[in-house]
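Trainee: Got structure.cif for you, mmCIF, C-alpha atoms:
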```
data_data
loop_
_atom_site.label_atom_id
_atom_site.label_comp_id
_atom_site.auth_asym_id
_atom_site.auth_seq_id
_atom_site.Cartn_x
_atom_site.Cartn_y
_atom_site.Cartn_z
CA MET Y 268 70.12 100.76 102.92
CA THR Y 269 69.17 97.56 101.09
CA GLU Y 270 70.78 96.59 97.80
CA GLU Y 271 67.44 97.06 96.03
CA LYS Y 272 67.07 100.63 97.31
CA ALA Y 273 70.64 101.44 96.40
CA LYS Y 274 70.08 100.29 92.86
CA ALA Y 275 66.98 102.48 92.66
CA LEU Y 276 68.94 105.61 93.56
CA SER Y 277 70.71 107.57 90.88
CA GLU Y 278 74.45 108.22 90.99
CA GLU Y 279 73.67 111.83 91.86
CA GLU Y 280 71.58 110.76 94.86
CA LEU Y 281 74.22 108.29 96.02
CA ASN Y 282 76.90 110.98 95.79
CA ALA Y 283 74.74 113.44 97.74
CA ARG Y 284 74.10 110.89 100.51
CA HIS Y 285 77.79 110.05 100.70
CA ALA Y 286 78.77 113.73 100.91
CA ASP Y 287 76.25 114.31 103.71
CA LYS Y 288 77.54 111.29 105.63
CA MET Y 289 81.14 112.46 105.29
CA ARG Y 290 80.23 116.01 106.42
CA LYS Y 291 78.71 114.60 109.60
CA LYS Y 292 81.71 112.34 110.14
CA LYS Y 293 84.12 115.27 109.68
CA ALA Y 294 82.16 117.42 112.12
CA ALA Y 295 82.30 114.66 114.74
CA ARG Y 296 86.01 114.16 114.09
CA ASP Y 297 86.75 117.89 114.34
CA LYS Y 298 84.89 118.02 117.65
CA ILE Y 299 87.01 115.20 119.05
CA MET Y 300 90.27 116.68 117.74
CA ALA Y 301 89.47 120.04 119.39
CA THR Y 302 89.73 118.34 122.79
CA LYS Y 303 93.25 116.98 122.09
CA THR Y 304 95.50 119.82 123.21
CA ILE Y 305 98.42 118.13 125.00
CA GLU Y 306 101.80 117.94 123.29
CA LYS Y 307 104.47 115.83 125.00
CA GLY Y 308 107.29 113.40 124.48
CA LEU Y 309 105.87 109.90 124.43
CA VAL Y 310 107.08 106.56 125.73
CA ILE Y 311 106.23 104.15 122.92
CA VAL Y 312 106.46 100.35 123.18
CA ASN Y 313 106.28 97.95 120.24
CA THR Y 314 106.04 94.38 121.48
CA GLY Y 315 104.40 91.04 120.72
CA LYS Y 316 105.31 87.85 118.84
CA GLY Y 317 104.54 89.24 115.41
CA LYS Y 318 107.06 90.68 112.97
CA GLY Y 319 107.36 94.44 112.64
CA LYS Y 320 108.33 95.81 116.04
CA SER Y 321 111.68 97.27 115.01
CA THR Y 322 110.32 98.03 111.55
CA ALA Y 323 107.61 100.21 113.06
CA GLY Y 324 110.16 101.89 115.32
CA PHE Y 325 112.40 102.73 112.39
CA GLY Y 326 109.36 103.91 110.48
CA MET Y 327 108.82 106.56 113.16
CA VAL Y 328 112.51 107.41 112.98
CA PHE Y 329 112.24 108.10 109.24
CA ARG Y 330 109.03 110.07 109.77
CA SER Y 331 110.76 112.22 112.39
CA LEU Y 332 113.69 112.76 110.02
CA GLY Y 333 111.25 113.93 107.39
CA HIS Y 334 110.34 116.79 109.72
CA GLY Y 335 114.00 117.67 110.22
CA HIS Y 336 114.22 116.32 113.77
CA ARG Y 337 117.42 114.83 115.15
CA VAL Y 338 117.12 111.17 116.12
CA GLY Y 339 119.22 108.80 118.21
CA VAL Y 340 119.23 105.02 117.77
CA VAL Y 341 120.70 102.46 120.18
CA GLN Y 342 120.60 98.82 119.09
CA PHE Y 343 120.73 96.58 122.14
CA VAL Y 344 120.96 93.19 120.42
CA LYS Y 345 121.50 93.37 116.68
CA GLY Y 346 125.08 94.56 116.87
CA ARG Y 347 126.56 91.87 114.65
CA ILE Y 348 123.99 92.20 111.89
CA GLU Y 349 124.44 94.77 109.12
CA THR Y 350 120.87 95.94 108.69
CA GLY Y 351 119.25 97.77 105.82
CA GLU Y 352 117.83 100.44 108.12
CA ARG Y 353 121.28 101.20 109.48
CA MET Y 354 122.74 101.57 105.99
CA ALA Y 355 119.86 103.83 104.98
CA LEU Y 356 120.13 106.01 108.09
CA GLU Y 357 123.85 106.54 107.53
CA ARG Y 358 122.81 108.75 104.61
CA PHE Y 359 121.32 111.14 107.16
CA SER Y 360 124.42 111.39 109.34
CA ASP Y 361 123.74 115.07 110.02
CA LEU Y 362 120.48 114.18 111.78
CA VAL Y 363 121.02 110.63 113.09
CA THR Y 364 123.35 109.11 115.66
CA ILE Y 365 123.40 105.29 115.61
CA LYS Y 366 125.07 103.24 118.31
CA ARG Y 367 125.25 99.52 117.58
CA MET Y 368 125.92 98.22 121.08
CA GLY Y 369 124.71 94.62 121.09
CA GLU Y 370 126.74 91.53 120.25
CA GLY Y 371 123.96 89.37 118.93
CA PHE Y 372 121.26 87.30 120.58
CA THR Y 373 122.10 85.57 123.84
CA TRP Y 374 122.11 82.12 122.23
CA GLU Y 375 124.88 83.40 119.95
CA THR Y 376 127.17 84.86 122.62
CA GLN Y 377 126.45 82.10 125.17
CA ASP Y 378 128.04 84.35 127.77
CA ARG Y 379 125.64 85.84 130.31
CA GLN Y 380 128.09 88.29 131.87
CA ARG Y 381 129.16 89.53 128.46
CA ASP Y 382 125.51 90.11 127.56
CA ILE Y 383 124.91 91.97 130.83
CA ASP Y 384 127.92 94.21 130.24
CA ALA Y 385 126.80 94.97 126.67
CA ALA Y 386 123.28 95.78 127.87
CA ARG Y 387 124.61 98.15 130.53
CA GLN Y 388 126.79 99.99 128.02
CA ALA Y 389 123.87 100.30 125.62
CA TRP Y 390 121.52 101.61 128.30
CA ASP Y 391 124.12 104.14 129.46
CA ALA Y 392 124.41 105.36 125.87
CA ALA Y 393 120.63 105.59 125.53
CA LYS Y 394 120.31 107.55 128.77
CA GLU Y 395 122.97 109.98 127.63
CA MET Y 396 121.11 110.57 124.36
CA ILE Y 397 117.76 111.03 126.09
CA ARG Y 398 119.10 113.36 128.77
CA SER Y 399 121.01 115.50 126.29
CA ARG Y 400 117.84 116.84 124.62
CA ASP Y 401 119.85 116.89 121.40
CA TYR Y 402 117.40 114.39 119.96
CA ARG Y 403 113.66 114.68 119.44
CA MET Y 404 113.38 110.88 119.41
CA VAL Y 405 115.52 108.04 120.76
CA LEU Y 406 114.90 104.49 119.58
CA CYS Y 407 115.96 101.75 122.01
CA ASP Y 408 115.83 98.84 119.60
CA GLU Y 409 115.34 95.44 121.30
CA LEU Y 410 115.60 96.85 124.81
CA ASN Y 411 112.75 94.51 125.76
CA ILE Y 412 114.95 91.51 124.97
CA VAL Y 413 117.61 92.41 127.52
CA LEU Y 414 114.90 93.24 130.06
CA ARG Y 415 113.32 89.85 129.46
CA TYR Y 416 116.57 88.15 130.51
CA ASP Y 417 116.97 90.53 133.45
CA TYR Y 418 120.27 91.89 132.15
CA LEU Y 419 119.03 95.28 133.36
CA PRO Y 420 116.63 95.92 136.27
CA ILE Y 421 113.23 96.97 134.94
CA SER Y 422 112.82 99.24 137.98
CA GLU Y 423 115.80 101.31 136.83
CA ILE Y 424 114.42 101.78 133.31
CA VAL Y 425 110.95 102.69 134.57
CA GLU Y 426 112.29 105.15 137.14
CA PHE Y 427 114.48 106.86 134.55
CA LEU Y 428 111.62 107.22 132.07
CA LYS Y 429 109.33 108.58 134.78
CA THR Y 430 111.71 111.03 136.40
CA GLU Y 431 114.59 111.88 134.06
CA LYS Y 432 113.26 111.73 130.51
CA PRO Y 433 112.77 115.30 129.27
CA GLU Y 434 109.13 116.20 128.60
CA ASP Y 435 109.69 116.85 124.91
CA VAL Y 436 111.67 113.71 124.00
CA HIS Y 437 110.02 110.63 122.47
CA VAL Y 438 111.45 107.26 123.51
CA VAL Y 439 110.60 104.21 121.38
CA ILE Y 440 111.27 100.75 122.83
CA THR Y 441 111.00 97.56 120.79
CA GLY Y 442 111.19 93.82 121.39
CA ARG Y 443 108.85 91.01 122.34
CA ASN Y 444 107.83 90.17 125.92
CA ALA Y 445 107.72 93.74 127.21
CA LYS Y 446 107.59 93.86 131.00
CA VAL Y 447 104.27 94.78 132.61
CA GLU Y 448 105.93 97.60 134.53
CA LEU Y 449 107.00 99.20 131.24
CA LEU Y 450 103.58 98.79 129.65
CA GLU Y 451 101.99 100.54 132.62
CA ILE Y 452 103.97 103.76 132.18
CA ALA Y 453 103.98 103.80 128.36
CA ASP Y 454 101.83 106.29 126.47
CA LEU Y 455 101.48 104.12 123.38
CA VAL Y 456 101.68 100.32 123.27
CA THR Y 457 101.32 98.16 120.17
CA ASP Y 458 101.22 94.37 120.46
CA MET Y 459 102.21 92.80 117.14
CA THR Y 460 100.23 89.59 116.57
CA MET Y 461 101.71 86.87 114.38
CA VAL Y 462 99.14 85.39 112.04
CA LYS Y 463 101.55 83.78 109.59
CA HIS Y 464 105.33 83.81 109.17
CA PRO Y 465 107.43 82.26 106.36
CA PHE Y 466 110.11 81.16 108.86
CA ARG Y 467 107.74 78.45 110.05
CA SER Y 468 107.58 77.11 106.50
CA GLY Y 469 111.34 76.80 106.16
CA VAL Y 470 112.03 80.21 104.61
CA LYS Y 471 115.24 81.76 105.89
CA PRO Y 472 115.53 85.45 106.96
CA GLN Y 473 115.92 87.52 103.82
CA GLU Y 474 117.73 90.74 103.05
CA GLY Y 475 115.34 93.68 102.89
CA ILE Y 476 112.65 91.82 104.82
CA GLU Y 477 114.23 90.68 108.08
CA PHE Y 478 117.37 92.85 108.08
#
```
Let me see the file written as structure tokens.
Mentor:
Amino acid sequence: MTEEKAKALSEEELNARHADKMRKKKAARDKIMATKTIEKGLVIVNTGKGKGKSTAGFGMVFRSLGHGHRVGVVQFVKGRIETGERMALERFSDLVTIKRMGEGFTWETQDRQRDIDAARQAWDAAKEMIRSRDYRMVLCDELNIVLRYDYLPISEIVEFLKTEKPEDVHVVITGRNAKVELLEIADLVTDMTMVKHPFRSGVKPQEGIEF
């Protein structure tokens, strides 16, 4: 519709056209939704160079809590950092179990074997949570980082998710540089793209934004 024609129509006519368009859109949407009948526990991967991977993961955690579901969280790297999400989740101690297993980024520890041992302990804790079926969702925060450095074999993680993860448990995995093997078996993958970041302009990580 051209701008001239739109101006010629009355508000009543514009409203009627809009309502008709939305009715058709709703009918098409309802038809599509009627074909979506599967309910299952998902493997969800948030990766990419952009900010927001863990943030999105914790967003799903809070959403799940809103429905009264129990949630498990294993932090593979951020063990030394006191994060806002951790402090907030501690208020839901009846529904959330948080295991802060990491000892910081590898350039902070500067000890490869120590990092490998920490990654193994964290993965063992995550597997226990997932297998238990006590949790509707388990967030493996920054698991992709330890996989990137080969602190854990990707084949082991993939095999576990394919064969041992209960059908009704969601597993959320965050961190940049997700392995191709993990992306292939995931049900939902989001690649965060960095367009602009204040860190590159000299702004330090800030409370409530980065942690």
Trainee: Given the file shown, determine the residues that the PyMOL selection byres ((chain Y and resi 459-476) around 7) selects; report them as a PyMOL selection string.
Mentor: chain Y and resi 314-318+320+351+457-458+477-478
Trainee: Under the rule of at most 9 Å, produce a per-residue listing of segment 271-384 of chain Y near segment 429-441 of chain Y: chain, number, name, the closest pair of atoms, and the distance in Å, as CSV, using all atoms listed in the file.
Mentor:
```
residue,atom,partner,partner_atom,distance
Y:Glu306,CA,Y:Asp435,CA,8.1
Y:Lys307,CA,Y:Asp435,CA,5.3
Y:Gly308,CA,Y:Asp435,CA,4.2
Y:Leu309,CA,Y:His437,CA,4.6
Y:Val310,CA,Y:Val438,CA,5.0
Y:Ile311,CA,Y:Val439,CA,4.6
Y:Val312,CA,Y:Ile440,CA,4.8
Y:Asn313,CA,Y:Thr441,CA,4.8
Y:Thr314,CA,Y:Thr441,CA,5.9
Y:Lys320,CA,Y:Thr441,CA,5.7
Y:Ser321,CA,Y:Thr441,CA,5.8
Y:Ala323,CA,Y:Thr441,CA,8.8
Y:Gly324,CA,Y:Val439,CA,6.5
Y:Met327,CA,Y:Val439,CA,8.7
```
Trainee: Residues picked by the PyMOL selection byres ((chain Y and resi 359) around 12) here, as a ChimeraX atom specification?
Mentor: /Y:328-329,331-333,335-339,352-358,360-365
Trainee: Provide the atom CA of Arg367 of chain Y to atom CA of Val425 of chain Y distance in Å, to one decimal place.
Mentor: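 A separation of 22.4 Å between them.
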Trainee: Could the centre and edge lengths of an axis-aligned box, enclosing all atoms of segment 384-388 of chain Y in the file with 5 Å extra on each side, be given in Å to one decimal as AutoDock Vina command-line options?
Mentor:
```
--center_x 125.6 --center_y 97.1 --center_z 128.6 --size_x 14.6 --size_y 15.8 --size_z 13.9
```
Trainee: Between Y:Lys291, Y:Glu426, Y:Arg296, Y:Ile421, which is the closest to Val447 of chain Y once you count only C-alpha atoms?
Mentor: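 Closest residue, counting only C-alpha atoms: Y:Ile421.
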Trainee: For atom CA of Arg379 of chain Y and atom CA of Phe343 of chain Y, quote the distance in Å rounded to one decimal.
Mentor: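 Separation of atom CA of Arg379 of chain Y and atom CA of Phe343 of chain Y: 14.4 Å.
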Trainee: Take the PyMOL selection byres ((chain Y and resi 396) around 10), apply it to the structure above, and return the hits as number ranges by chain.
Mentor: Y: 338-341, 364, 390-395, 397-406, 436
Trainee: Please rebuild segment 319-330 of chain Y with N, CA and C atoms and return the result as a CSV table (one decimal), keeping the file's coordinate frame.
Mentor:
```csv
chain,number,residue,atom,x,y,z
Y,319,GLY,N,107.6,93.0,112.9
Y,319,GLY,CA,107.4,94.4,112.6
Y,319,GLY,C,107.6,95.4,113.8
Y,320,LYS,N,108.1,94.9,114.9
Y,320,LYS,CA,108.3,95.8,116.0
Y,320,LYS,C,109.4,96.8,115.8
Y,321,SER,N,110.6,96.4,115.4
Y,321,SER,CA,111.7,97.3,115.0
Y,321,SER,C,111.3,98.1,113.7
Y,322,THR,N,110.7,97.4,112.8
Y,322,THR,CA,110.3,98.0,111.6
Y,322,THR,C,109.5,99.2,111.8
Y,323,ALA,N,108.5,99.1,112.7
Y,323,ALA,CA,107.6,100.2,113.1
Y,323,ALA,C,108.4,101.3,113.8
Y,324,GLY,N,109.3,100.9,114.6
Y,324,GLY,CA,110.2,101.9,115.3
Y,324,GLY,C,111.0,102.7,114.3
Y,325,PHE,N,111.6,102.0,113.4
Y,325,PHE,CA,112.4,102.7,112.4
Y,325,PHE,C,111.5,103.6,111.5
Y,326,GLY,N,110.3,103.1,111.3
Y,326,GLY,CA,109.4,103.9,110.5
Y,326,GLY,C,109.1,105.3,111.1
Y,327,MET,N,109.0,105.3,112.4
Y,327,MET,CA,108.8,106.6,113.2
Y,327,MET,C,110.1,107.4,113.1
Y,328,VAL,N,111.2,106.7,113.1
Y,328,VAL,CA,112.5,107.4,113.0
Y,328,VAL,C,112.6,108.2,111.6
Y,329,PHE,N,112.2,107.5,110.6
Y,329,PHE,CA,112.2,108.1,109.2
Y,329,PHE,C,111.2,109.2,109.1
Y,330,ARG,N,110.1,109.0,109.8
Y,330,ARG,CA,109.0,110.1,109.8
Y,330,ARG,C,109.5,111.3,110.5
```
